[in-house]
$ cat structure.cif   # mmCIF, N, CA and C atoms
data_start
loop_
_atom_site.label_atom_id
_atom_site.label_comp_id
_atom_site.auth_asym_id
_atom_site.auth_seq_id
_atom_site.Cartn_x
_atom_site.Cartn_y
_atom_site.Cartn_z
N MET A 193 53.34 -21.73 21.77
CA MET A 193 53.46 -22.13 23.15
C MET A 193 52.57 -23.35 23.34
N SER A 194 53.12 -24.38 23.94
CA SER A 194 52.35 -25.59 24.26
C SER A 194 51.98 -25.55 25.73
N ILE A 195 50.73 -25.90 26.04
CA ILE A 195 50.22 -25.87 27.40
C ILE A 195 49.85 -27.29 27.81
N PHE A 196 50.27 -27.67 29.04
CA PHE A 196 50.05 -29.03 29.53
C PHE A 196 49.30 -29.00 30.85
N TYR A 197 48.41 -29.98 31.03
CA TYR A 197 47.68 -30.16 32.28
C TYR A 197 47.85 -31.60 32.71
N ASN A 198 48.33 -31.79 33.93
CA ASN A 198 48.51 -33.14 34.48
C ASN A 198 49.34 -34.03 33.56
N GLY A 199 50.35 -33.43 32.91
CA GLY A 199 51.26 -34.17 32.04
C GLY A 199 50.76 -34.41 30.63
N SER A 200 49.52 -34.01 30.33
CA SER A 200 48.95 -34.22 29.00
C SER A 200 48.83 -32.88 28.27
N PHE A 201 48.98 -32.94 26.96
CA PHE A 201 48.84 -31.74 26.14
C PHE A 201 47.42 -31.21 26.26
N LEU A 202 47.29 -29.94 26.63
CA LEU A 202 45.98 -29.32 26.81
C LEU A 202 45.63 -28.37 25.67
N GLY A 203 46.64 -27.70 25.13
CA GLY A 203 46.35 -26.76 24.05
C GLY A 203 47.57 -25.93 23.70
N SER A 204 47.31 -24.86 22.94
CA SER A 204 48.42 -24.04 22.47
C SER A 204 48.00 -22.59 22.34
N ALA A 205 49.00 -21.73 22.32
CA ALA A 205 48.80 -20.31 22.08
C ALA A 205 49.87 -19.86 21.09
N HIS A 206 49.50 -18.99 20.19
CA HIS A 206 50.41 -18.52 19.15
C HIS A 206 51.02 -17.18 19.57
N ILE A 207 52.33 -17.08 19.47
CA ILE A 207 53.04 -15.83 19.78
C ILE A 207 53.42 -15.18 18.46
N LEU A 208 52.95 -13.97 18.24
CA LEU A 208 53.22 -13.28 16.98
C LEU A 208 54.64 -12.71 16.96
N ALA A 209 55.20 -12.62 15.77
CA ALA A 209 56.53 -12.03 15.60
C ALA A 209 56.45 -10.54 15.89
N GLY A 210 57.55 -9.98 16.34
CA GLY A 210 57.61 -8.56 16.62
C GLY A 210 58.97 -8.17 17.16
N SER A 211 59.08 -6.95 17.64
CA SER A 211 60.35 -6.50 18.19
C SER A 211 60.14 -6.09 19.65
N HIS A 212 61.24 -6.03 20.36
CA HIS A 212 61.20 -5.71 21.78
C HIS A 212 62.33 -4.74 22.08
N PRO A 213 62.03 -3.58 22.64
CA PRO A 213 63.09 -2.61 22.94
C PRO A 213 64.05 -3.14 24.01
N PRO A 214 65.31 -2.68 23.98
CA PRO A 214 66.27 -3.12 24.99
C PRO A 214 65.87 -2.62 26.38
N LYS A 215 66.26 -3.39 27.40
CA LYS A 215 66.03 -3.06 28.81
C LYS A 215 64.57 -2.74 29.11
N SER A 216 63.68 -3.53 28.55
CA SER A 216 62.26 -3.30 28.78
C SER A 216 61.56 -4.61 29.10
N CYS A 217 60.35 -4.49 29.58
CA CYS A 217 59.56 -5.66 29.94
C CYS A 217 58.20 -5.51 29.26
N GLN A 218 57.70 -6.58 28.72
CA GLN A 218 56.42 -6.53 28.03
C GLN A 218 55.58 -7.72 28.43
N LEU A 219 54.35 -7.46 28.85
CA LEU A 219 53.41 -8.50 29.20
C LEU A 219 52.65 -8.92 27.95
N LEU A 220 52.67 -10.21 27.65
CA LEU A 220 51.95 -10.72 26.49
C LEU A 220 50.68 -11.41 26.94
N LYS A 221 49.56 -11.04 26.36
CA LYS A 221 48.29 -11.72 26.61
C LYS A 221 48.01 -12.58 25.39
N LEU A 222 48.00 -13.89 25.60
CA LEU A 222 47.88 -14.82 24.48
C LEU A 222 46.57 -15.58 24.54
N PRO A 223 45.72 -15.45 23.54
CA PRO A 223 44.54 -16.31 23.49
C PRO A 223 44.98 -17.75 23.23
N ALA A 224 44.42 -18.69 23.96
CA ALA A 224 44.82 -20.09 23.84
C ALA A 224 43.65 -20.93 23.34
N ARG A 225 43.98 -21.95 22.60
CA ARG A 225 42.99 -22.93 22.15
C ARG A 225 43.25 -24.20 22.95
N LEU A 226 42.27 -24.61 23.77
CA LEU A 226 42.44 -25.75 24.67
C LEU A 226 41.60 -26.93 24.21
N HIS A 227 42.16 -28.14 24.38
CA HIS A 227 41.49 -29.39 24.01
C HIS A 227 41.61 -30.32 25.21
N LEU A 228 40.52 -30.66 25.82
CA LEU A 228 40.54 -31.49 27.03
C LEU A 228 40.11 -32.90 26.68
N SER A 229 40.97 -33.88 26.99
CA SER A 229 40.63 -35.27 26.74
C SER A 229 39.76 -35.80 27.88
N SER A 230 39.06 -36.88 27.65
CA SER A 230 38.14 -37.44 28.64
C SER A 230 38.80 -37.81 29.96
N PRO A 231 39.97 -38.50 29.97
CA PRO A 231 40.57 -38.85 31.26
C PRO A 231 40.94 -37.63 32.10
N ALA A 232 41.33 -36.55 31.46
CA ALA A 232 41.73 -35.36 32.21
C ALA A 232 40.52 -34.55 32.67
N ALA A 233 39.35 -34.76 32.06
CA ALA A 233 38.17 -33.95 32.37
C ALA A 233 37.73 -34.08 33.82
N SER A 234 37.72 -35.30 34.35
CA SER A 234 37.26 -35.48 35.74
C SER A 234 38.23 -34.83 36.72
N ARG A 235 39.50 -34.94 36.46
CA ARG A 235 40.50 -34.31 37.33
C ARG A 235 40.38 -32.78 37.25
N LEU A 236 40.14 -32.28 36.06
CA LEU A 236 40.01 -30.84 35.87
C LEU A 236 38.83 -30.29 36.68
N LEU A 237 37.70 -30.97 36.64
CA LEU A 237 36.54 -30.52 37.41
C LEU A 237 36.83 -30.49 38.90
N SER A 238 37.58 -31.47 39.38
CA SER A 238 37.98 -31.50 40.79
C SER A 238 38.89 -30.32 41.12
N ASP A 239 39.85 -30.03 40.25
CA ASP A 239 40.76 -28.90 40.47
C ASP A 239 40.03 -27.56 40.41
N VAL A 240 39.07 -27.45 39.50
CA VAL A 240 38.29 -26.22 39.41
C VAL A 240 37.48 -26.01 40.69
N ALA A 241 36.91 -27.09 41.21
CA ALA A 241 36.15 -27.00 42.46
C ALA A 241 37.04 -26.55 43.62
N GLN A 242 38.31 -26.95 43.60
CA GLN A 242 39.26 -26.55 44.64
C GLN A 242 39.89 -25.19 44.34
N ARG A 243 39.58 -24.63 43.17
CA ARG A 243 40.11 -23.33 42.71
C ARG A 243 41.63 -23.32 42.67
N LYS A 244 42.20 -24.42 42.20
CA LYS A 244 43.65 -24.54 42.09
C LYS A 244 43.98 -25.43 40.90
N LEU A 245 44.36 -24.81 39.79
CA LEU A 245 44.66 -25.52 38.56
C LEU A 245 46.15 -25.41 38.28
N VAL A 246 46.85 -26.54 38.22
CA VAL A 246 48.29 -26.58 38.00
C VAL A 246 48.54 -26.84 36.51
N LEU A 247 49.27 -25.91 35.87
CA LEU A 247 49.56 -26.01 34.45
C LEU A 247 51.05 -25.87 34.18
N ASP A 248 51.49 -26.42 33.07
CA ASP A 248 52.86 -26.26 32.60
C ASP A 248 52.80 -25.76 31.16
N ALA A 249 53.82 -25.03 30.77
CA ALA A 249 53.89 -24.52 29.40
C ALA A 249 55.35 -24.52 28.95
N ALA A 250 55.54 -24.65 27.65
CA ALA A 250 56.87 -24.60 27.06
C ALA A 250 56.80 -23.82 25.75
N VAL A 251 57.84 -23.01 25.52
CA VAL A 251 57.87 -22.21 24.29
C VAL A 251 59.31 -22.02 23.84
N ASP A 252 59.51 -21.99 22.54
CA ASP A 252 60.79 -21.65 21.93
C ASP A 252 60.59 -20.39 21.12
N ILE A 253 61.45 -19.40 21.36
CA ILE A 253 61.38 -18.13 20.63
C ILE A 253 62.74 -17.88 20.01
N GLY A 254 62.76 -17.64 18.73
CA GLY A 254 64.00 -17.35 18.03
C GLY A 254 63.94 -15.98 17.39
N GLY A 255 65.10 -15.41 17.18
CA GLY A 255 65.13 -14.10 16.55
C GLY A 255 66.53 -13.60 16.36
N THR A 256 66.64 -12.29 16.19
CA THR A 256 67.92 -11.63 15.99
C THR A 256 68.05 -10.50 16.99
N ALA A 257 69.19 -10.46 17.67
CA ALA A 257 69.47 -9.38 18.62
C ALA A 257 70.60 -8.53 18.04
N LYS A 258 70.42 -7.22 18.07
CA LYS A 258 71.46 -6.32 17.57
C LYS A 258 72.33 -5.90 18.75
N VAL A 259 73.62 -6.23 18.65
CA VAL A 259 74.61 -5.85 19.66
C VAL A 259 75.64 -4.97 18.96
N LEU A 260 75.68 -3.70 19.38
CA LEU A 260 76.46 -2.69 18.68
C LEU A 260 76.00 -2.64 17.23
N TRP A 261 76.86 -2.99 16.29
CA TRP A 261 76.44 -2.97 14.89
C TRP A 261 76.34 -4.37 14.29
N TRP A 262 76.42 -5.40 15.12
CA TRP A 262 76.30 -6.78 14.64
C TRP A 262 74.95 -7.37 15.04
N ASP A 263 74.40 -8.14 14.13
CA ASP A 263 73.19 -8.90 14.41
C ASP A 263 73.59 -10.32 14.82
N HIS A 264 72.99 -10.80 15.90
CA HIS A 264 73.26 -12.16 16.38
C HIS A 264 71.94 -12.92 16.48
N ARG A 265 71.91 -14.09 15.86
CA ARG A 265 70.73 -14.94 15.99
C ARG A 265 70.72 -15.54 17.39
N PHE A 266 69.52 -15.75 17.92
CA PHE A 266 69.39 -16.36 19.24
C PHE A 266 68.16 -17.26 19.28
N ASN A 267 68.14 -18.11 20.27
CA ASN A 267 66.98 -18.94 20.57
C ASN A 267 66.85 -18.99 22.08
N VAL A 268 65.65 -18.81 22.58
CA VAL A 268 65.40 -18.94 24.01
C VAL A 268 64.28 -19.96 24.20
N HIS A 269 64.51 -20.89 25.13
CA HIS A 269 63.50 -21.90 25.47
C HIS A 269 63.05 -21.59 26.90
N VAL A 270 61.74 -21.52 27.11
CA VAL A 270 61.20 -21.22 28.43
C VAL A 270 60.24 -22.33 28.84
N ASP A 271 60.49 -22.88 30.04
CA ASP A 271 59.58 -23.83 30.68
C ASP A 271 58.92 -23.10 31.83
N SER A 272 57.59 -23.15 31.89
CA SER A 272 56.85 -22.47 32.95
C SER A 272 55.99 -23.47 33.70
N HIS A 273 55.90 -23.28 35.00
CA HIS A 273 55.04 -24.07 35.88
C HIS A 273 54.22 -23.05 36.66
N PHE A 274 52.91 -23.12 36.58
CA PHE A 274 52.12 -22.13 37.28
C PHE A 274 50.83 -22.72 37.83
N VAL A 275 50.34 -22.06 38.88
CA VAL A 275 49.09 -22.44 39.53
C VAL A 275 48.12 -21.28 39.32
N VAL A 276 46.93 -21.60 38.84
CA VAL A 276 45.94 -20.59 38.49
C VAL A 276 44.64 -20.85 39.24
N ASP A 277 44.00 -19.79 39.69
CA ASP A 277 42.63 -19.87 40.21
C ASP A 277 41.72 -19.85 38.97
N PRO A 278 41.10 -20.98 38.62
CA PRO A 278 40.32 -21.04 37.38
C PRO A 278 39.02 -20.24 37.42
N VAL A 279 38.59 -19.82 38.60
CA VAL A 279 37.36 -19.04 38.71
C VAL A 279 37.63 -17.58 38.35
N PHE A 280 38.66 -16.99 38.98
CA PHE A 280 38.97 -15.58 38.75
C PHE A 280 40.15 -15.38 37.80
N LEU A 281 40.74 -16.49 37.31
CA LEU A 281 41.89 -16.47 36.40
C LEU A 281 43.08 -15.71 36.98
N ASP A 282 43.25 -15.79 38.29
CA ASP A 282 44.41 -15.19 38.96
C ASP A 282 45.55 -16.20 38.98
N VAL A 283 46.77 -15.72 38.77
CA VAL A 283 47.95 -16.57 38.90
C VAL A 283 48.34 -16.58 40.38
N ILE A 284 48.28 -17.76 40.99
CA ILE A 284 48.59 -17.92 42.41
C ILE A 284 50.09 -18.08 42.61
N ASP A 285 50.73 -18.86 41.74
CA ASP A 285 52.17 -19.11 41.84
C ASP A 285 52.69 -19.37 40.43
N GLN A 286 53.95 -18.99 40.20
CA GLN A 286 54.54 -19.19 38.88
C GLN A 286 56.05 -19.33 39.00
N GLU A 287 56.60 -20.26 38.25
CA GLU A 287 58.04 -20.46 38.19
C GLU A 287 58.43 -20.64 36.73
N ASN A 288 59.44 -19.89 36.28
CA ASN A 288 59.91 -19.96 34.90
C ASN A 288 61.39 -20.30 34.87
N LYS A 289 61.77 -21.14 33.92
CA LYS A 289 63.18 -21.45 33.69
C LYS A 289 63.45 -21.21 32.21
N ALA A 290 64.48 -20.39 31.95
CA ALA A 290 64.79 -20.03 30.57
C ALA A 290 66.22 -20.44 30.23
N LYS A 291 66.40 -20.86 28.98
CA LYS A 291 67.73 -21.20 28.48
C LYS A 291 67.94 -20.40 27.20
N LEU A 292 68.98 -19.57 27.19
CA LEU A 292 69.28 -18.70 26.06
C LEU A 292 70.49 -19.23 25.30
N GLN A 293 70.39 -19.24 23.98
CA GLN A 293 71.49 -19.70 23.13
C GLN A 293 71.72 -18.66 22.04
N PHE A 294 72.98 -18.17 21.93
CA PHE A 294 73.37 -17.24 20.87
C PHE A 294 74.13 -18.00 19.80
N PHE A 295 73.97 -17.58 18.56
CA PHE A 295 74.67 -18.18 17.42
C PHE A 295 75.58 -17.12 16.81
N SER A 296 76.80 -17.48 16.54
CA SER A 296 77.72 -16.52 15.92
C SER A 296 77.63 -16.63 14.40
N GLY A 297 78.00 -15.55 13.76
CA GLY A 297 78.11 -15.56 12.32
C GLY A 297 76.94 -15.02 11.66
#
$ encode --input "structure.cif" --output "structure tokens"
Amino acid sequence: MSIFYNGSFLGSAHILAGSHPPKSCQLLKLPARLHLSSPAASRLLSDVAQRKLVLDAAVDIGGTAKVLWWDHRFNVHVDSHFVVDPVFLDVIDQENKAKLQFFSG
């Protein structure tokens, strides 16, 4: 997962491979490694002082889905836009857009 702040790459988080049961929801907690460049540092301090940090993230996840007795490869791309309170790490607002692609054969 790539994480962006103010249009610049901020860092990344690694999503481990695994399985997911059908018709279920799973919350993933991902440790992230962040790298802040000098131009973004002053803006970040201002946003932290206002307790409103706007971030974007993008991730591609691929795998195999079993439908009846056939396995189908898939890829899902998710773009996320979220606002976080950097003091308490609360998510104030979040919007996600996902695009799913199935492959036959």
$ resolve_selection --input "structure.cif" --expression "the PyMOL selection byres ((chain A and resi 207) around 8)" --output "ChimeraX atom specification"
/A:193,204-206,208-210,222-223
$ resolve_selection --input "structure.cif" --expression "the PyMOL selection byres (((chain A and resi 276 and name CA) around 12) and name CA)" --output "list in words"
Tyr197, Asp239, Val240, Gln242, Arg243, Lys244, Leu245, Val246, Leu247, Asp248, His273, Phe274, Val275, Asp277, Pro278, Val279, Phe280, Leu281, Asp282, Val283, Ile284, Asp285 and Gln286 of chain A
$ write_last_selection --input "structure.cif" --atoms "N, CA and C atoms" --output "PDB file, keeping the file's coordinate frame"
ATOM      1  N   TYR A 197      48.410 -29.980  31.030  1.00  0.00           N
ATOM      2  CA  TYR A 197      47.680 -30.160  32.280  1.00  0.00           C
ATOM      3  C   TYR A 197      47.850 -31.600  32.710  1.00  0.00           C
ATOM      4  N   ASP A 239      39.850 -30.030  40.250  1.00  0.00           N
ATOM      5  CA  ASP A 239      40.760 -28.900  40.470  1.00  0.00           C
ATOM      6  C   ASP A 239      40.030 -27.560  40.410  1.00  0.00           C
ATOM      7  N   VAL A 240      39.070 -27.450  39.500  1.00  0.00           N
ATOM      8  CA  VAL A 240      38.290 -26.220  39.410  1.00  0.00           C
ATOM      9  C   VAL A 240      37.480 -26.010  40.690  1.00  0.00           C
ATOM     10  N   GLN A 242      38.310 -26.950  43.600  1.00  0.00           N
ATOM     11  CA  GLN A 242      39.260 -26.550  44.640  1.00  0.00           C
ATOM     12  C   GLN A 242      39.890 -25.190  44.340  1.00  0.00           C
ATOM     13  N   ARG A 243      39.580 -24.630  43.170  1.00  0.00           N
ATOM     14  CA  ARG A 243      40.110 -23.330  42.710  1.00  0.00           C
ATOM     15  C   ARG A 243      41.630 -23.320  42.670  1.00  0.00           C
ATOM     16  N   LYS A 244      42.200 -24.420  42.200  1.00  0.00           N
ATOM     17  CA  LYS A 244      43.650 -24.540  42.090  1.00  0.00           C
ATOM     18  C   LYS A 244      43.980 -25.430  40.900  1.00  0.00           C
ATOM     19  N   LEU A 245      44.360 -24.810  39.790  1.00  0.00           N
ATOM     20  CA  LEU A 245      44.660 -25.520  38.560  1.00  0.00           C
ATOM     21  C   LEU A 245      46.150 -25.410  38.280  1.00  0.00           C
ATOM     22  N   VAL A 246      46.850 -26.540  38.220  1.00  0.00           N
ATOM     23  CA  VAL A 246      48.290 -26.580  38.000  1.00  0.00           C
ATOM     24  C   VAL A 246      48.540 -26.840  36.510  1.00  0.00           C
ATOM     25  N   LEU A 247      49.270 -25.910  35.870  1.00  0.00           N
ATOM     26  CA  LEU A 247      49.560 -26.010  34.450  1.00  0.00           C
ATOM     27  C   LEU A 247      51.050 -25.870  34.180  1.00  0.00           C
ATOM     28  N   ASP A 248      51.490 -26.420  33.070  1.00  0.00           N
ATOM     29  CA  ASP A 248      52.860 -26.260  32.600  1.00  0.00           C
ATOM     30  C   ASP A 248      52.800 -25.760  31.160  1.00  0.00           C
ATOM     31  N   HIS A 273      55.900 -23.280  35.000  1.00  0.00           N
ATOM     32  CA  HIS A 273      55.040 -24.070  35.880  1.00  0.00           C
ATOM     33  C   HIS A 273      54.220 -23.050  36.660  1.00  0.00           C
ATOM     34  N   PHE A 274      52.910 -23.120  36.580  1.00  0.00           N
ATOM     35  CA  PHE A 274      52.120 -22.130  37.280  1.00  0.00           C
ATOM     36  C   PHE A 274      50.830 -22.720  37.830  1.00  0.00           C
ATOM     37  N   VAL A 275      50.340 -22.060  38.880  1.00  0.00           N
ATOM     38  CA  VAL A 275      49.090 -22.440  39.530  1.00  0.00           C
ATOM     39  C   VAL A 275      48.120 -21.280  39.320  1.00  0.00           C
ATOM     40  N   ASP A 277      44.000 -19.790  39.690  1.00  0.00           N
ATOM     41  CA  ASP A 277      42.630 -19.870  40.210  1.00  0.00           C
ATOM     42  C   ASP A 277      41.720 -19.850  38.970  1.00  0.00           C
ATOM     43  N   PRO A 278      41.100 -20.980  38.620  1.00  0.00           N
ATOM     44  CA  PRO A 278      40.320 -21.040  37.380  1.00  0.00           C
ATOM     45  C   PRO A 278      39.020 -20.240  37.420  1.00  0.00           C
ATOM     46  N   VAL A 279      38.590 -19.820  38.600  1.00  0.00           N
ATOM     47  CA  VAL A 279      37.360 -19.040  38.710  1.00  0.00           C
ATOM     48  C   VAL A 279      37.630 -17.580  38.350  1.00  0.00           C
ATOM     49  N   PHE A 280      38.660 -16.990  38.980  1.00  0.00           N
ATOM     50  CA  PHE A 280      38.970 -15.580  38.750  1.00  0.00           C
ATOM     51  C   PHE A 280      40.150 -15.380  37.800  1.00  0.00           C
ATOM     52  N   LEU A 281      40.740 -16.490  37.310  1.00  0.00           N
ATOM     53  CA  LEU A 281      41.890 -16.470  36.400  1.00  0.00           C
ATOM     54  C   LEU A 281      43.080 -15.710  36.980  1.00  0.00           C
ATOM     55  N   ASP A 282      43.250 -15.790  38.290  1.00  0.00           N
ATOM     56  CA  ASP A 282      44.410 -15.190  38.960  1.00  0.00           C
ATOM     57  C   ASP A 282      45.550 -16.200  38.980  1.00  0.00           C
ATOM     58  N   VAL A 283      46.770 -15.720  38.770  1.00  0.00           N
ATOM     59  CA  VAL A 283      47.950 -16.570  38.900  1.00  0.00           C
ATOM     60  C   VAL A 283      48.340 -16.580  40.380  1.00  0.00           C
ATOM     61  N   ILE A 284      48.280 -17.760  40.990  1.00  0.00           N
ATOM     62  CA  ILE A 284      48.590 -17.920  42.410  1.00  0.00           C
ATOM     63  C   ILE A 284      50.090 -18.080  42.610  1.00  0.00           C
ATOM     64  N   ASP A 285      50.730 -18.860  41.740  1.00  0.00           N
ATOM     65  CA  ASP A 285      52.170 -19.110  41.840  1.00  0.00           C
ATOM     66  C   ASP A 285      52.690 -19.370  40.430  1.00  0.00           C
ATOM     67  N   GLN A 286      53.950 -18.990  40.200  1.00  0.00           N
ATOM     68  CA  GLN A 286      54.540 -19.190  38.880  1.00  0.00           C
ATOM     69  C   GLN A 286      56.050 -19.330  39.000  1.00  0.00           C
TER      70      GLN A 286
END
$ atom_distance --input "structure.cif" --atom1 "CA of Ser194 in chain A" --atom2 "CA of Arg235 in chain A"
19.7 Å
$ select_by_dssp --input "structure.cif" --residues "chain A" --states "strand (DSSP E)" --output "PyMOL selection string"
chain A and resi 194-197+200-205+224-226+245-259+262-277+282-295
$ atom_distance --input "structure.cif" --atom1 "CA of Leu219 in chain A" --atom2 "CA of Leu260 in chain A"
26.0 Å
$ atom_distance --input "structure.cif" --atom1 "CA of Lys215 in chain A" --atom2 "atom N of Ala249 in chain A"
25.2 Å
$ closest_residue --input "structure.cif" --among "A:Ala241, A:Ser296, A:His269, A:Arg225" --to "Gly254 in chain A" --atoms "all atoms listed in the file"
A:His269
$ select_by_dssp --input "structure.cif" --residues "range 227-283 of chain A" --states "helix (DSSP H, G or I)" --output "list of chain:residue names"
A:Ser230, A:Pro231, A:Ala232, A:Ala233, A:Ser234, A:Arg235, A:Leu236, A:Leu237, A:Ser238, A:Asp239, A:Val240, A:Ala241
$ resolve_selection --input "structure.cif" --expression "the PyMOL selection byres ((chain A and resi 268) around 5)" --output "MDAnalysis selection string"
chainID A and resid 252:254 266:267 269:270 291:293
$ closest_residue --input "structure.cif" --among "A:Asp271, A:Phe294, A:Lys221, A:Phe201" --to "Ala250 in chain A" --atoms "only C-alpha atoms"
A:Asp271
$ closest_residue --input "structure.cif" --among "A:Val251, A:Gly199, A:Ala290, A:Phe295" --to "Asp263 in chain A" --atoms "all atoms listed in the file"
A:Phe295
